[in-house]
Amino acid sequence: MSEVINVAEIFGCKVFNDAVMKERLPKKVYAELQKTMKEGAELSPQIADSVANAMKCWAVEHGATHYTHWFQPLTGVTAEKHDSFISAPTPEGKTLMEFSGKELIKGEPDASSFPSGGLRATFEARGYTAWDCTSPAFLKEDAAGVILCIPTAFCSYTGEALDKKTPLLRSMQAIDEQSIRLLRLFGNTTSHHVVPSVGAEQEYFLIDREKFLKRKDLVYTGRTLFGSMPAKGQELEDHYFGSIRERIGSFMRDVNKELWELGVPSKTQHNEVAPAQHELAPIYTSVNVSTDQNQLIMTTLKKVATRHGLACLLHEKPFNGVNGSGKHNNWSMTTDDGINLLDPGKTPHDNIKFLLILTCILKAVDEHADLLRVSAACVGNDHRLGKQEAPPAIISVFLGDQLEDVLTQIIETGSATHSLKGSRLQTGVTTLPNFAKDATDRNRTSPFAFTGNKFEFRMVGSSDSIACANTVLNTIVAEAFCDAADELEKAEDVTARANELITKYATEHSRVVFNGNGYSEEWVQEAARRGLPNIPSMVDAEPALLTDKAVDMFKRFGVFTRSELEARVEIYYEIYVKQINIEAKAMINISNKQIIPAMINAMEKLAESLSAVAQACPEADVSVQKKRLIKCSALLAKAEANVEKLEKITAEAAAIPEMDLAARAYHDKVMPAMVELRTPIDALEMIVDKKCWPFPSYGDMLYEV
């Protein structure tokens with residue numbers, strides 16, 4: 001029988017959270033720290049020392065020997081350097097456990113060893129990590145022992161952001177300030193801050209670890225570069241929400257326990273659409289904390305999977321032929337006294353504050369659709385977006401019948417007089433309860449869908465940080481709020497002017513509203529007619545960061561400088577180049593060292609068998625063997641030629657010094673050559689003896705877990 005888990009008892013036990021601080025810090029210190037967290041006041045050295053000592057004592061009591069500044073550089077993963085708490089030995093040969101306020105507040109990693117896009121050179125190595133007191137410290141326990149992890153921002157010696165957290169925090173400040181301006185205009189004097197909140201759903205695949213290690217494409221790249229679909233895929237729709245197998249359930253149980261201990265409110269678990277695919281969804285929290293927690297979720301999934309003899313695949317498209325994985329970013333805005341700004345109320349048609357906020361968001365999405373698209377751009381997502389399984393690469397907004405009807409009334413008449421009401425669900429079964437339905441259905445094909453009191457941005461890739469998407473989302477909405485507040489603050493009649501703005505924004509930006517099937521070809525054509533951008537790939541998306549419109553907006557709200565944006569574009573192009581280069585080299589390596597030799601051996605055995613049969617029984621019909629041999633030989637020759645072609649094209653792309661041009665070459669030339677190589681090899685897999693194939697098949701991995 002498995003161990004009983006008392007969630008209430010273990011939740012947050014490895015977190016230096018508010019309850020722990022209130023218990024361990026002197027009242028004055030606690031009050032000063034809370035002031036810093038809420039208002040940004042600077043901590044005195046004495047206060048910092050007091051907090052550091054309490055944090056150290058708490059961590060040591062839980063077995064910690066080291067601490068680390070835990071940060072999120074532009075590699076896309078987290079980084080940490082461990083320092084022990086021990087001080088210099090005393091004359092008696094003893095040591096003390098020490099941790100100062102200075103060590104808490106500031107660290108100094110080598111800034112030139114992380115991607116900087118030219119912001120730092122090798123000879124300019126200094127960079128700083130700065131304690132983010134708004135995200136709680138936590139304890140990480142693994143084979144290295146117990147480590148106190150302190151969430152930090154990471155910037156260069158000259159002040160530029162070298163991480164994902166710093167711009168996110170800046171964007172949170174921007175939307176906070178502009179939201180409060182709007183609220184004051186509508187008579188709200190009690191709310192002091194507005195915090196964007198997020199709940200990030202996480203999709204992932206689980207396969208047997210032994211099989212994973214036999215697939216060098218998965219080991220090197222996170223996705224299968226070769227592989228034919230088994231006879232059964234996801235067409236029976238029997239995996240989604242299906243009964244969770246015991247091995248997977250045991251894994252999920254341990255994941256939940258570790259996440260709960262880390263204060264991550266893991267709420268939902270289930271089987272996803274594709275075989276071997278699953279999902280974890282947490283309860284929403286502030287976007288900064290949620291971003292940190294999502295990094296912990298990904299790390300925990302991988303770590304616990306290894307302990308269970310499994311491998312967790314976070315790549316957006318690890319298997320061709322079945323659905324890939326995303327990360328649904330559920331975004332809303334909440335005041336410090338509990339008001340959700342995206343709550344339409346029971347009669348949204350006369351909720352002027354909500355309608356202004358809603359139409360401001362439509363304006364933001366329409367004017368900066370390219371930025372939202374680039375915020376979800378990563379190499380793996382190119383295999384997923386717009387492939388009839390995920391949101392299209394075209395940004396649109398789903399509002400549902402109720403809000404679309406209100407919007408239509410406003411556009412046609414200048415005001416709305418009613419809101420559609422939900423009817424009662426009639427099942428036709430007397431023993432089942434009838435209950436009130438929502439006023440609108442949902443749309444699973446929309447990239448940006450209103451879902452009752454939040455927007456669900458469904459484009460983020462499963463392996464990607466949610467920081468970029470939320471940084472862009474916060475900033476573009478802050479700009480729209482600022483534009484509206486500028487107009488209202490100089491108006492004599494705020495209500496009348498607000499109604500005018502609602503009508504103006506609804507009319508000018510309704511083209512981005514679409515409630516239909518986002519997967520259809522008809523929508524692609526309709527979106528083109530409306531003038532909406534269709535940006536199919538990461539390489540096509542990156543220039544959006546450097547348009548004058550984007551640079552001016554980010555600079556206006558202090559989120560990015562031009563140099564920081566230029567650095568990121570350079571880094572993202574470089575990441576694209578390096579990842580596709582690794583995939584191409586892996587294909588060449590696997591083809592030359594595993595697949596082609598294995599096929600040669602298989603064909604030799606087939607030829608020997610054919611000869612033996614012909615000699616033993618000249619009248620025997622050996623046409624099948626001959627046909628197979630001829631077919632295999634032709635496919636093998638095609639594969640060999642395509643390997644040589646891929647080698648040549650990859651070498652040419654690798655020789656291009658400019659990262660943007662190199663990325664374009666990898667996208668336009670190397671990727672198609674990779675598809676050409678895969679085609680005959682996948683065909684070979686379907687006609688040769690399974691025993692001859694050098695690594696596990698799709699069927700082995702997707703169904704034998």
# chains A, B, ... in the order shown; residues from 1 in each chain; ligands from 1
call {"tool": "closest_atom_pairs", "arguments": {"of": "range 144-257 of chain A", "to": "range 586-598 of chain A", "cutoff": "10 Å", "atoms": "only C-alpha atoms", "output": "CSV"}}
result
residue,atom,partner,partner_atom,distance
A:Arg215,CA,A:Ile590,CA,9.3
A:Lys216,CA,A:Ile590,CA,7.4
A:Asp217,CA,A:Ala586,CA,6.3
A:Leu218,CA,A:Ala586,CA,9.7
A:Val219,CA,A:Ala586,CA,9.8
A:Tyr220,CA,A:Ala586,CA,7.2
A:Thr221,CA,A:Ala586,CA,8.1
A:Thr224,CA,A:Met587,CA,9.8
A:Leu225,CA,A:Met587,CA,6.6
A:Phe226,CA,A:Met587,CA,8.1
call {"tool": "closest_atom_pairs", "arguments": {"of": "range 328-387 of chain A", "to": "range 486-509 of chain A", "cutoff": "7 Å", "atoms": "only C-alpha atoms", "output": "tab-separated table"}}
result
residue	atom	partner	partner_atom	distance
A:Leu355	CA	A:Ile502	CA	6.6
A:Leu356	CA	A:Ile502	CA	5.4
A:Thr359	CA	A:Tyr505	CA	5.6
A:Cys360	CA	A:Tyr505	CA	6.8
A:Leu362	CA	A:His509	CA	6.2
A:Lys363	CA	A:His509	CA	5.7
A:Asp366	CA	A:His509	CA	6.2
call {"tool": "select_by_dssp", "arguments": {"residues": "range 338-391 of chain A", "states": "helix (DSSP H, G or I)", "output": "PyMOL selection string"}}
result
chain A and resi 348-350+352-367+369-375+380-383
call {"tool": "closest_atom_pairs", "arguments": {"of": "range 299-360 of chain A", "to": "range 450-472 of chain A", "cutoff": "8 Å", "atoms": "only C-alpha atoms", "output": "tab-separated table"}}
result
residue	atom	partner	partner_atom	distance
A:Leu314	CA	A:Ser463	CA	5.1
A:His315	CA	A:Ser463	CA	5.6
A:Glu316	CA	A:Ser462	CA	5.5
A:Ser325	CA	A:Ser462	CA	5.4
A:Gly326	CA	A:Ser462	CA	4.2
A:Lys327	CA	A:Ser462	CA	4.9
A:His328	CA	A:Arg458	CA	4.4
A:Asn329	CA	A:Phe457	CA	4.9
A:Asn330	CA	A:Glu456	CA	4.3
A:Trp331	CA	A:Phe455	CA	5.3
A:Ser332	CA	A:Lys454	CA	4.8
A:Asn340	CA	A:Asn453	CA	7.4
A:Leu342	CA	A:Asn453	CA	4.9
A:Asp343	CA	A:Asn453	CA	4.7
A:Pro344	CA	A:Asn453	CA	7.0
call {"tool": "closest_residue", "arguments": {"among": "A:Ile357, A:Val613, A:Val195, A:Val304", "to": "Tyr284 in chain A", "atoms": "only C-alpha atoms"}}
result
A:Val195
call {"tool": "residues_around", "arguments": {"residues": "Val622 in chain A", "least_positions_apart": "2", "cutoff": "12 Å", "atoms": "only C-alpha atoms", "output": "PyMOL selection string"}}
result
chain A and resi 606-607+609-620+624-629
call {"tool": "residues_around", "arguments": {"residues": "Ser228 in chain A", "least_positions_apart": "3", "cutoff": "10 Å", "atoms": "only C-alpha atoms", "output": "ChimeraX atom specification"}}
result
/A:231,319-321,678-679,681-686,697-699
call {"tool": "residues_around", "arguments": {"residues": "Pro318 in chain A", "least_positions_apart": "5", "cutoff": "7 Å", "atoms": "only C-alpha atoms", "output": "list in words"}}
result
Gly222, Arg223, Thr224 and Gly324 of chain A
call {"tool": "write_last_selection", "arguments": {"atoms": "C-alpha atoms", "output": "PDB file, in the first residue's frame"}}
result
ATOM      1  CA  GLY A 222      14.395  15.751 -27.838  1.00  0.00           C
ATOM      2  CA  ARG A 223      12.427  14.608 -30.898  1.00  0.00           C
ATOM      3  CA  THR A 224      12.396  11.613 -33.213  1.00  0.00           C
ATOM      4  CA  GLY A 324       2.456  17.665 -30.146  1.00  0.00           C
TER       5      GLY A 324
END
call {"tool": "residues_around", "arguments": {"residues": "Cys13 in chain A", "least_positions_apart": "3", "cutoff": "10 Å", "atoms": "only C-alpha atoms", "output": "PDB file with C-alpha atoms, in the first residue's frame"}}
result
ATOM      1  CA  ALA A   8      -2.247  20.272   3.834  1.00  0.00           C
ATOM      2  CA  GLU A   9       0.681  19.204   5.988  1.00  0.00           C
ATOM      3  CA  ILE A  10       3.377  19.043   3.311  1.00  0.00           C
ATOM      4  CA  PHE A  16      10.665  30.124   2.722  1.00  0.00           C
ATOM      5  CA  ASN A  17       7.176  31.563   2.357  1.00  0.00           C
ATOM      6  CA  VAL A  20       7.879  31.045   7.668  1.00  0.00           C
ATOM      7  CA  HIS A  62      16.093  21.195   6.743  1.00  0.00           C
ATOM      8  CA  PHE A 138      12.935  27.147  -1.778  1.00  0.00           C
ATOM      9  CA  LEU A 139      14.868  23.972  -1.044  1.00  0.00           C
ATOM     10  CA  TRP A 260       3.320  20.461  -3.324  1.00  0.00           C
ATOM     11  CA  GLU A 261       6.359  20.510  -1.030  1.00  0.00           C
ATOM     12  CA  LEU A 262       7.770  23.297  -3.241  1.00  0.00           C
ATOM     13  CA  GLY A 263       4.525  25.251  -2.910  1.00  0.00           C
TER      14      GLY A 263
END
call {"tool": "closest_residue", "arguments": {"among": "A:Lys691, A:Lys102, A:His349, A:Lys645", "to": "Pro672 in chain A", "atoms": "only C-alpha atoms"}}
result
A:Lys645
call {"tool": "residues_around", "arguments": {"residues": "Leu532 in chain A", "least_positions_apart": "6", "cutoff": "9 Å", "atoms": "only C-alpha atoms", "output": "NGL selection string"}}
result
:A and (366 or 369 or 394-396 or 511-512 or 526)
call {"tool": "select_by_dssp", "arguments": {"residues": "range 42-228 of chain A", "states": "strand (DSSP E)", "output": "count of residues only"}}
result
48
call {"tool": "closest_residue", "arguments": {"among": "A:Ser537, A:Ser197, A:Asn351, A:Thr189", "to": "His383 in chain A", "atoms": "only C-alpha atoms"}}
result
A:Ser537
call {"tool": "closest_residue", "arguments": {"among": "A:Arg424, A:Phe71, A:His308, A:Glu92", "to": "Asp292 in chain A", "atoms": "only C-alpha atoms"}}
result
A:Phe71
call {"tool": "closest_residue", "arguments": {"among": "A:Ala653, A:Cys692, A:Val51, A:Val273", "to": "Lys28 in chain A", "atoms": "only C-alpha atoms"}}
result
A:Val51
call {"tool": "atom_distance", "arguments": {"atom1": "CA of Arg126 in chain A", "atom2": "CA of Cys149 in chain A"}}
result
21.4 Å
call {"tool": "atom_distance", "arguments": {"atom1": "CA of Val577 in chain A", "atom2": "CA of Ala663 in chain A"}}
result
5.2 Å
call {"tool": "atom_distance", "arguments": {"atom1": "CA of Lys140 in chain A", "atom2": "CA of Arg253 in chain A"}}
result
18.1 Å
